[in-house]
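Just query_0.cif here, mmCIF, C-alpha atoms:
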```cif
data_my_file
#
loop_
_atom_site.label_atom_id
_atom_site.label_comp_id
_atom_site.auth_asym_id
_atom_site.auth_seq_id
_atom_site.Cartn_x
_atom_site.Cartn_y
_atom_site.Cartn_z
CA MET E 30 55.22 -7.35 73.69
CA LYS E 31 53.16 -4.17 73.52
CA LYS E 32 55.07 -3.15 70.43
CA SER E 33 54.19 -6.45 68.71
CA ILE E 34 50.53 -6.07 69.57
CA LEU E 35 50.51 -2.52 68.17
CA ILE E 36 52.12 -3.64 64.90
CA LEU E 37 49.60 -6.49 64.60
CA ALA E 38 46.70 -4.08 65.13
CA LEU E 39 48.00 -1.75 62.45
CA VAL E 40 48.34 -4.66 59.98
CA LEU E 41 44.72 -5.72 60.68
CA VAL E 42 43.39 -2.17 60.19
CA LEU E 43 45.32 -1.77 56.95
CA ALA E 44 44.16 -5.14 55.63
CA THR E 45 40.57 -4.30 56.50
CA SER E 46 40.84 -0.96 54.73
CA ILE E 47 42.29 -2.56 51.62
CA GLY E 48 39.55 -5.18 51.64
CA LEU E 49 36.86 -2.53 51.89
CA VAL E 50 38.33 -0.62 48.99
CA ALA E 51 38.61 -3.76 46.91
CA CYS E 52 34.98 -4.74 47.58
CA LYS E 53 33.42 -1.33 46.89
CA THR E 54 31.23 -1.21 43.74
CA TYR E 55 29.57 1.63 41.85
CA GLU E 56 26.14 2.02 40.23
CA VAL E 57 25.75 3.06 36.57
CA GLU E 58 25.41 6.83 36.48
CA SER E 59 24.95 7.42 32.75
CA VAL E 60 24.98 5.84 29.29
CA THR E 61 26.25 7.73 26.24
CA ILE E 62 25.80 6.60 22.61
CA ALA E 63 28.28 7.54 19.90
CA PRO E 64 27.64 8.82 17.35
CA LYS E 65 24.49 10.66 18.50
CA ASN E 66 23.33 11.55 14.99
CA VAL E 67 24.50 9.56 12.00
CA ASP E 68 23.53 9.28 8.32
CA VAL E 69 23.63 5.97 6.47
CA GLU E 70 22.84 5.20 2.84
CA VAL E 71 20.16 2.68 1.91
CA GLY E 72 21.49 -0.86 2.05
CA LYS E 73 24.51 0.05 4.18
CA SER E 74 25.43 -0.35 7.87
CA VAL E 75 26.72 1.71 10.77
CA GLN E 76 28.11 0.52 14.11
CA LEU E 77 26.97 2.37 17.22
CA SER E 78 28.73 2.17 20.58
CA ALA E 79 27.64 2.95 24.13
CA THR E 80 29.87 4.11 27.00
CA VAL E 81 28.89 3.57 30.62
CA THR E 82 29.94 5.98 33.41
CA PRO E 83 31.70 5.34 35.72
CA SER E 84 34.02 3.02 33.87
CA ASP E 85 34.28 0.73 36.93
CA ALA E 86 30.52 0.43 37.42
CA LYS E 87 29.33 -2.93 38.69
CA ASP E 88 28.30 -5.71 36.33
CA TYR E 89 25.86 -4.49 33.68
CA LYS E 90 24.58 -5.37 30.21
CA ILE E 91 23.93 -2.85 27.45
CA VAL E 92 20.58 -3.54 25.77
CA TRP E 93 19.91 -1.99 22.34
CA THR E 94 16.33 -1.29 21.20
CA VAL E 95 14.47 0.83 18.63
CA GLU E 96 12.43 3.58 20.25
CA SER E 97 10.71 4.93 17.11
CA SER E 98 10.90 4.55 13.33
CA GLU E 99 9.64 6.34 10.22
CA ILE E 100 10.43 3.39 7.97
CA GLN E 101 8.46 0.58 9.62
CA ASN E 102 10.65 -2.55 9.66
CA ASP E 103 12.83 -1.87 6.62
CA TYR E 104 16.08 -2.25 8.57
CA THR E 105 17.88 -4.62 10.95
CA PHE E 106 19.32 -3.68 14.32
CA SER E 107 21.53 -6.22 16.10
CA GLU E 108 21.98 -6.69 19.83
CA ASP E 109 25.51 -5.27 19.61
CA GLY E 110 24.34 -1.91 18.16
CA LYS E 111 24.90 -2.53 14.45
CA PHE E 112 22.25 -0.82 12.29
CA THR E 113 21.72 -1.99 8.70
CA ALA E 114 19.45 0.09 6.47
CA GLY E 115 16.97 -1.37 4.01
CA GLN E 116 15.76 0.46 0.91
CA THR E 117 13.51 3.05 2.58
CA ALA E 118 14.67 6.53 3.56
CA GLY E 119 13.70 8.00 6.93
CA LYS E 120 14.71 8.41 10.59
CA VAL E 121 15.09 5.70 13.25
CA VAL E 122 15.67 6.51 16.93
CA VAL E 123 17.63 3.81 18.77
CA LYS E 124 18.16 3.41 22.50
CA ALA E 125 20.90 1.90 24.69
CA THR E 126 20.02 0.95 28.27
CA ALA E 127 22.29 -0.25 31.12
CA GLY E 128 21.75 -0.33 34.87
CA GLY E 129 18.49 1.60 34.58
CA LYS E 130 20.12 4.46 32.65
CA SER E 131 19.72 5.08 28.93
CA ASP E 132 20.58 7.30 25.98
CA THR E 133 19.18 7.67 22.45
CA ALA E 134 20.64 8.37 19.02
CA THR E 135 19.12 9.13 15.64
CA VAL E 136 20.01 7.20 12.51
CA THR E 137 18.89 8.87 9.26
CA VAL E 138 18.64 6.57 6.26
CA LYS E 139 19.24 8.47 3.03
CA ALA E 140 19.13 7.59 -0.65
CA ALA E 141 22.51 6.66 -2.05
CA THR E 142 24.44 9.55 -3.53
CA SER E 143 26.31 7.48 -6.07
CA GLY E 144 25.55 4.48 -8.26
CA ASP E 145 23.25 3.54 -11.12
CA GLU E 146 19.75 4.88 -11.74
CA VAL E 147 16.80 2.50 -12.07
CA ALA E 148 16.37 1.70 -15.79
CA SER E 149 13.20 -0.38 -15.56
CA VAL E 150 10.65 -1.91 -13.20
CA THR E 151 8.86 -5.11 -14.23
CA ILE E 152 6.06 -6.72 -12.25
CA ASN E 153 6.74 -10.44 -12.06
CA GLY E 154 4.26 -12.91 -13.50
CA GLU E 155 1.23 -12.43 -15.74
CA LYS E 156 -0.01 -8.98 -16.70
CA ALA E 157 -3.66 -9.99 -16.23
CA LEU E 158 -4.65 -11.79 -13.03
CA GLU E 159 -7.95 -13.19 -11.83
CA LEU E 160 -9.19 -13.29 -8.24
CA PRO E 161 -12.39 -14.59 -6.69
CA PHE E 162 -14.31 -12.49 -4.19
CA GLY E 163 -12.13 -12.16 -1.08
CA GLY E 164 -9.05 -13.53 -2.86
CA ASN E 165 -5.61 -11.95 -2.71
CA VAL E 166 -2.31 -11.83 -4.55
CA VAL E 167 1.12 -10.57 -3.46
CA LEU E 168 2.86 -8.65 -6.23
CA SER E 169 6.61 -8.40 -6.63
CA ALA E 170 8.78 -6.57 -9.13
CA THR E 171 12.24 -6.85 -10.63
CA VAL E 172 14.36 -3.70 -10.77
CA ILE E 173 17.05 -3.28 -13.43
CA PRO E 174 19.98 -2.87 -13.00
CA GLU E 175 20.86 -4.93 -9.97
CA THR E 176 23.29 -2.17 -8.95
CA ALA E 177 20.58 0.53 -8.88
CA VAL E 178 21.03 3.21 -6.22
CA ASN E 179 17.58 2.80 -4.73
CA LYS E 180 15.53 -0.26 -5.63
CA THR E 181 12.48 0.74 -3.60
CA VAL E 182 9.19 -0.07 -5.38
CA THR E 183 5.80 1.24 -4.29
CA TYR E 184 2.40 0.00 -5.45
CA SER E 185 -0.78 1.99 -6.13
CA VAL E 186 -4.13 1.56 -7.85
CA ILE E 187 -4.27 3.92 -10.83
CA GLU E 188 -7.60 2.80 -12.31
CA THR E 189 -10.54 0.77 -11.01
CA ASN E 190 -14.30 0.37 -11.12
CA LEU E 191 -14.39 -1.32 -7.70
CA GLY E 192 -14.96 1.86 -5.71
CA SER E 193 -13.19 1.26 -2.40
CA ASP E 194 -14.01 -2.46 -2.20
CA TYR E 195 -10.41 -3.67 -2.12
CA THR E 196 -7.20 -3.20 -0.13
CA LEU E 197 -3.62 -2.76 -1.31
CA GLU E 198 -0.81 -2.81 1.21
CA ASN E 199 2.89 -3.34 0.46
CA GLY E 200 2.06 -5.04 -2.83
CA LYS E 201 -0.64 -7.33 -1.40
CA PHE E 202 -3.95 -6.80 -3.22
CA THR E 203 -7.08 -8.22 -1.57
CA ALA E 204 -10.40 -8.29 -3.40
CA GLY E 205 -13.70 -7.41 -1.77
CA GLN E 206 -17.15 -8.59 -2.82
CA THR E 207 -17.47 -6.49 -5.98
CA ALA E 208 -16.91 -7.74 -9.53
CA GLY E 209 -14.71 -5.51 -11.67
CA TYR E 210 -11.08 -4.68 -12.22
CA ALA E 211 -8.18 -2.69 -10.82
CA VAL E 212 -4.98 -1.58 -12.49
CA VAL E 213 -2.07 -1.71 -10.05
CA GLN E 214 1.08 0.22 -10.87
CA ALA E 215 4.57 -0.46 -9.52
CA SER E 216 6.77 2.64 -9.37
CA SER E 217 10.45 3.23 -8.65
CA VAL E 218 11.71 6.36 -6.91
CA ASN E 219 12.84 7.82 -10.24
CA GLY E 220 9.51 7.28 -11.99
CA LYS E 221 9.96 3.97 -13.82
CA THR E 222 6.68 2.03 -13.84
CA ASP E 223 4.93 -1.16 -14.82
CA LYS E 224 1.33 -2.21 -14.34
CA VAL E 225 -0.86 -5.27 -14.01
CA SER E 226 -4.61 -5.72 -14.36
CA ILE E 227 -6.44 -7.61 -11.62
CA VAL E 228 -9.92 -8.81 -12.47
CA ILE E 229 -12.27 -9.75 -9.64
CA ASN E 230 -14.45 -12.30 -11.34
CA HIS E 231 -17.55 -13.86 -9.80
CA GLN E 232 -17.13 -16.75 -12.26
CA PHE E 233 -13.55 -17.44 -11.23
CA SER E 234 -14.57 -19.70 -8.34
CA GLN E 235 -16.87 -21.70 -10.63
CA PRO E 236 -15.77 -24.61 -12.87
CA THR E 237 -14.25 -23.24 -16.09
CA GLU E 238 -13.28 -26.53 -17.75
CA GLY E 239 -14.88 -26.84 -21.19
CA LYS E 240 -15.72 -23.15 -21.27
CA ILE E 241 -14.30 -20.40 -23.45
CA LYS E 242 -12.23 -17.64 -21.87
CA VAL E 243 -13.15 -14.19 -23.11
CA THR E 244 -10.85 -11.26 -22.30
CA PHE E 245 -11.94 -7.61 -22.51
CA TYR E 246 -9.37 -4.84 -22.96
CA ALA E 247 -9.50 -1.11 -22.38
CA PRO E 248 -8.87 1.28 -25.31
CA ASP E 249 -5.12 1.09 -24.71
CA GLY E 250 -5.23 -2.53 -25.84
CA GLU E 251 -3.25 -3.61 -22.76
CA THR E 252 -5.41 -3.04 -19.69
CA VAL E 253 -7.70 -5.98 -19.00
CA VAL E 254 -11.05 -4.75 -17.68
CA ASP E 255 -12.89 -8.08 -17.50
CA ILE E 256 -12.46 -11.82 -18.02
CA ARG E 257 -15.48 -14.07 -18.52
CA TYR E 258 -16.11 -17.72 -19.30
CA ALA E 259 -18.79 -18.66 -21.80
CA ASP E 260 -20.25 -21.98 -22.91
CA LYS E 261 -19.21 -22.86 -26.46
CA ASP E 262 -22.76 -22.40 -27.69
CA GLY E 263 -23.53 -19.51 -25.36
CA LYS E 264 -23.66 -15.82 -26.01
CA ILE E 265 -21.72 -13.27 -23.98
CA THR E 266 -22.26 -9.64 -23.12
CA PRO E 267 -19.60 -6.94 -22.84
CA PRO E 268 -18.62 -5.57 -19.44
CA ASP E 269 -19.91 -2.23 -18.22
CA TYR E 270 -16.97 -0.01 -19.10
CA LYS E 271 -18.52 3.00 -17.32
CA VAL E 272 -19.16 5.05 -20.46
CA ALA E 273 -22.26 5.98 -22.43
CA ASN E 274 -23.34 3.18 -24.78
CA SER E 275 -23.38 5.49 -27.76
CA SER E 276 -19.66 6.25 -27.44
CA VAL E 277 -18.21 2.72 -27.10
CA GLN E 278 -17.62 0.01 -29.66
CA TRP E 279 -15.92 -3.32 -29.10
CA LEU E 280 -13.29 -4.63 -31.52
CA ASN E 281 -12.35 -8.29 -31.93
CA ALA E 282 -8.80 -9.58 -32.39
CA ASP E 283 -9.00 -8.62 -36.07
CA LYS E 284 -9.91 -5.03 -35.09
CA GLN E 285 -13.42 -5.47 -36.48
CA VAL E 286 -16.42 -3.96 -34.70
CA VAL E 287 -18.52 -6.75 -33.17
CA ASP E 288 -22.22 -6.76 -32.36
CA PHE E 289 -22.65 -8.38 -28.99
CA ASN E 290 -26.30 -9.12 -29.71
CA GLU E 291 -25.15 -11.69 -32.27
CA LEU E 292 -21.77 -12.67 -30.87
CA VAL E 293 -20.86 -16.26 -30.08
CA ALA E 294 -17.60 -16.77 -28.19
CA THR E 295 -14.67 -18.45 -29.91
CA GLU E 296 -11.65 -20.08 -28.29
CA ASN E 297 -9.67 -17.55 -26.23
CA CYS E 298 -11.30 -14.63 -27.98
CA SER E 299 -10.62 -11.08 -26.87
CA PHE E 300 -12.19 -7.69 -27.41
CA THR E 301 -10.90 -4.15 -27.10
CA ALA E 302 -13.00 -1.11 -26.27
CA LYS E 303 -12.97 1.70 -28.80
CA VAL E 304 -14.02 4.99 -27.22
CA ASP E 305 -14.98 8.08 -29.19
CA THR E 306 -12.23 10.48 -28.11
CA GLU E 307 -14.32 13.46 -29.17
CA VAL E 308 -16.82 12.73 -26.42
CA VAL E 309 -16.15 14.20 -22.96
CA PHE E 310 -17.32 12.33 -19.86
CA TYR E 311 -17.99 13.43 -16.34
CA THR E 312 -18.29 11.25 -13.25
CA VAL E 313 -20.53 11.55 -10.20
CA SER E 314 -19.78 9.70 -6.98
CA TYR E 315 -21.45 9.62 -3.55
CA TRP E 316 -19.57 9.85 -0.27
CA TYR E 317 -20.23 9.91 3.47
CA ASN E 318 -18.18 10.46 6.63
CA ASN E 319 -17.92 7.34 8.81
CA GLY E 320 -16.54 9.35 11.73
CA THR E 321 -12.88 9.14 10.77
CA GLU E 322 -12.71 9.53 6.99
CA LEU E 323 -14.73 10.02 3.83
CA VAL E 324 -15.90 6.75 2.26
CA GLN E 325 -17.28 6.32 -1.24
CA HIS E 326 -20.55 4.44 -1.50
CA GLY E 327 -20.76 2.18 -4.54
CA ASP E 328 -19.28 2.83 -7.96
CA SER E 329 -19.09 6.19 -9.70
CA PHE E 330 -21.65 7.11 -12.33
CA ARG E 331 -20.13 8.13 -15.66
CA PHE E 332 -22.01 10.19 -18.23
CA ASP E 333 -21.55 11.56 -21.70
CA ALA E 334 -21.16 15.28 -21.02
CA SER E 335 -22.87 16.09 -24.31
CA SER E 336 -26.04 14.29 -23.24
CA GLU E 337 -28.66 14.78 -20.56
CA GLY E 338 -27.37 11.82 -18.54
CA SER E 339 -27.83 12.02 -14.75
CA VAL E 340 -28.64 9.94 -11.70
CA THR E 341 -32.36 9.23 -11.58
CA PRO E 342 -34.43 10.13 -8.50
CA GLU E 343 -34.89 6.40 -7.89
CA GLN E 344 -31.12 5.83 -7.90
CA ARG E 345 -30.58 8.78 -5.58
CA ALA E 346 -33.22 7.48 -3.17
CA GLU E 347 -31.56 4.04 -3.09
CA ILE E 348 -28.17 5.62 -2.38
CA GLU E 349 -29.56 7.80 0.43
CA GLN E 350 -31.36 4.85 2.01
CA ALA E 351 -28.24 2.67 1.91
CA ILE E 352 -26.00 5.35 3.47
CA GLU E 353 -28.55 6.13 6.18
CA GLU E 354 -28.74 2.43 7.07
CA ILE E 355 -24.92 2.22 7.26
CA THR E 356 -24.46 5.35 9.36
CA GLY E 357 -27.73 5.38 11.32
CA LYS E 358 -28.08 9.08 10.44
CA THR E 359 -30.49 11.11 8.35
CA ILE E 360 -29.19 12.89 5.24
CA ILE E 361 -30.44 16.48 5.00
CA ASN E 362 -28.29 17.74 2.13
CA TRP E 363 -25.57 16.90 -0.39
CA LYS E 364 -22.44 19.03 -0.52
CA LEU E 365 -20.88 19.15 -4.00
CA ASP E 366 -17.11 18.96 -4.42
CA VAL E 367 -16.41 19.77 -8.08
CA SER E 368 -13.00 19.36 -9.70
CA SER E 369 -11.32 22.32 -11.37
CA ASP E 370 -12.24 21.02 -14.84
CA GLY E 371 -15.84 20.44 -13.77
CA LEU E 372 -15.77 16.80 -14.90
CA THR E 373 -15.53 15.08 -11.51
CA ILE E 374 -18.28 15.67 -8.98
CA LYS E 375 -18.24 14.30 -5.44
CA CYS E 376 -21.58 14.39 -3.62
CA ILE E 377 -20.83 14.36 0.12
CA ALA E 378 -23.70 13.55 2.46
CA GLU E 379 -24.50 16.07 5.22
CA PHE E 380 -26.38 14.66 8.19
CA ALA E 381 -28.82 16.12 10.66
CA GLU E 382 -27.26 17.05 14.00
#
```
Spell out the structure here as structure tokens.
Amino acid sequence: MKKSILILALVLVLATSIGLVACKTYEVESVTIAPKNVDVEVGKSVQLSATVTPSDAKDYKIVWTVESSEIQNDYTFSEDGKFTAGQTAGKVVVKATAGGKSDTATVTVKAATSGDEVASVTINGEKALELPFGGNVVLSATVIPETAVNKTVTYSVIETNLGSDYTLENGKFTAGQTAGYAVVQASSVNGKTDKVSIVINHQFSQPTEGKIKVTFYAPDGETVVDIRYADKDGKITPPDYKVANSSVQWLNADKQVVDFNELVATENCSFTAKVDTEVVFYTVSYWYNNGTELVQHGDSFRFDASSEGSVTPEQRAEIEQAIEEITGKTIINWKLDVSSDGLTIKCIAEFAE
């Protein structure tokens, strides 16, 4: 009898021990991503994996996130750790988290090392666009060939008389409250370009039916610097092309010099500026510090360098008054920032302490 009881006790102890072992669980001690540093070409993918220690840790879920990125959102990163690059090169730091532990890895997106070069970039749509004050347009471009190594396209303003009264971000151009034009250029990584003229026209928001569209071109014969609408019996005036009057003539579609004092618009007429290339111009602009960056006030003044042209005292006084009202500070001096060729002069306001 005693022997039976002893055997039974041993069986119970053993069963309890086995049960305790079977029920024991472990916390996550670490998470390790592989690979830790990996390169991927634009447009391609890489699969990351995460290992949890100990291997028999209790129930957990690995959560993948992006900790930092140099390429904004030009990529996709799935919940299972698959990273797919877009068309922008740069570094992305990803993170895997489980049971309160985490690890990071760096994915470096690089330009493709093999494939076709970009042969051409073409901005889609018309080459001369009109916007009202405050209007916007989103530009897009077609890259040839389709198999190009890197089809990234960036946009920049290469010519304008709007000062800083506009914004351009990721191909979206937004007009301010200034009439004028901007030439936006689309560029590939290997230097292929195309451009479009955007005219901010105060007449654009007005009825144009029954009126005559008049287009003004820069000396290159391609860049549109202004678009206006005239009544059929009305006279028109040329745009201010920011050059001395004595050095500019306007040519009609037949390449004949036109006298705007006598001109009457004809259906869809156009005019091209002819600039005396022997004349050198210099520009003067006025700037102030708004606390974080230099900001240009108004348009630049452009003068014939062979003449006595300059900003009048009255114009200077108006500029100073406007900047002082904007900043709430008193201007005591103007610091001159002159380009190496002496043709571009920035006047930067210096304020009293």
Excluding Tyr104 (chain E) and residues on its chain fewer than 2 positions from it, collect all residues at most 10 Å away from it, counting all atoms listed in the file, and give them as a ChimeraX atom specification. /E:71-74,98,100-102,106,112-117,121,138
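For the file at hand, the PyMOL selection byres ((chain E and resi 158-164) around 6) resolves to E:Ala157, E:Asn165, E:Thr203, E:Ala204, E:Gly205, E:Gln206, E:Ile227, E:Val228, E:Ile229, E:Asn230, E:Phe233, E:Ser234.
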Option closest in space to Ile152 (chain E), from E:Glu349, E:Glu251, E:Asp260, E:Asp223 [counting only C-alpha atoms]: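 Closest to Ile152 (chain E), using only C-alpha atoms: E:Asp223.
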Measure the distance from CA of Val57 (chain E) to CA of Leu77 (chain E) in Å and round it to one decimal. 19.4 Å
Pairwise distance for CA of Thr94 (chain E) and CA of Lys124 (chain E), rounded to one decimal in Å: 5.2 Å
For this file, the PyMOL selection byres ((chain E and resi 181-188) around 6) selects which residues, as a list in words?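 Residues picked by the PyMOL selection byres ((chain E and resi 181-188) around 6): Gln116, Asn179, Lys180, Thr189, Gly200, Ala211, Val212, Val213, Gln214, Ala215, Ser216 and Ser217 of chain E.
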Take the PyMOL selection byres ((chain E and resi 281) around 9), apply it to the structure above, and return the hits as an MDAnalysis selection string. chainID E and resid 279:280 282:287 298:301
Which polymer residues have any atom within 7 Å of an atom of Ala170 (chain E), counting only C-alpha atoms, with same-chain residues fewer than 6 positions away left out, as a ChimeraX atom specification? /E:150-153
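The gap separating CA of Val172 (chain E) from CA of Val69 (chain E) is 21.8 Å, in Å to one decimal.
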What are the centre and the three edge lengths of an axis-aligned box that wraps all atoms of region 187-197 of chain E in the file, given that 3 Å is added to every side, written as AutoDock Vina command-line options and rounded to one decimal in Å?
```
--center_x -9.3 --center_y 0.1 --center_z -6.2 --size_x 17.3 --size_y 13.6 --size_z 18.2
```
Identify, on the basis of all atoms listed in the file, every residue whose closest approach to Val340 (chain E) does not exceed 9 Å; exclude the query and any residue fewer than 5 positions from it along the same chain; express the result as a ChimeraX atom specification. /E:313,330,345
Please return, as a list of chain:residue names, all polymer residues that have at least one atom within 8 Å of the point (-17.0, 7.0, -3.7); use only C-alpha atoms and the file's own coordinate frame.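 Residues lying no farther than 8 Å from the given point: E:Gly192, E:Ser193, E:Ser314, E:Tyr315, E:Trp316, E:Val324, E:Gln325, E:His326, E:Gly327, E:Asp328, E:Ser329, E:Lys375.
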Would you output that residue set with C-alpha atoms, as a PDB file, keeping the file's coordinate frame?
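Once everything was written out, this is result13.pdb:
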```
ATOM      1  CA  GLY E 192     -14.960   1.860  -5.710  1.00  0.00           C
ATOM      2  CA  SER E 193     -13.190   1.260  -2.400  1.00  0.00           C
ATOM      3  CA  SER E 314     -19.780   9.700  -6.980  1.00  0.00           C
ATOM      4  CA  TYR E 315     -21.450   9.620  -3.550  1.00  0.00           C
ATOM      5  CA  TRP E 316     -19.570   9.850  -0.270  1.00  0.00           C
ATOM      6  CA  VAL E 324     -15.900   6.750   2.260  1.00  0.00           C
ATOM      7  CA  GLN E 325     -17.280   6.320  -1.240  1.00  0.00           C
ATOM      8  CA  HIS E 326     -20.550   4.440  -1.500  1.00  0.00           C
ATOM      9  CA  GLY E 327     -20.760   2.180  -4.540  1.00  0.00           C
ATOM     10  CA  ASP E 328     -19.280   2.830  -7.960  1.00  0.00           C
ATOM     11  CA  SER E 329     -19.090   6.190  -9.700  1.00  0.00           C
ATOM     12  CA  LYS E 375     -18.240  14.300  -5.440  1.00  0.00           C
TER      13      LYS E 375
END
```
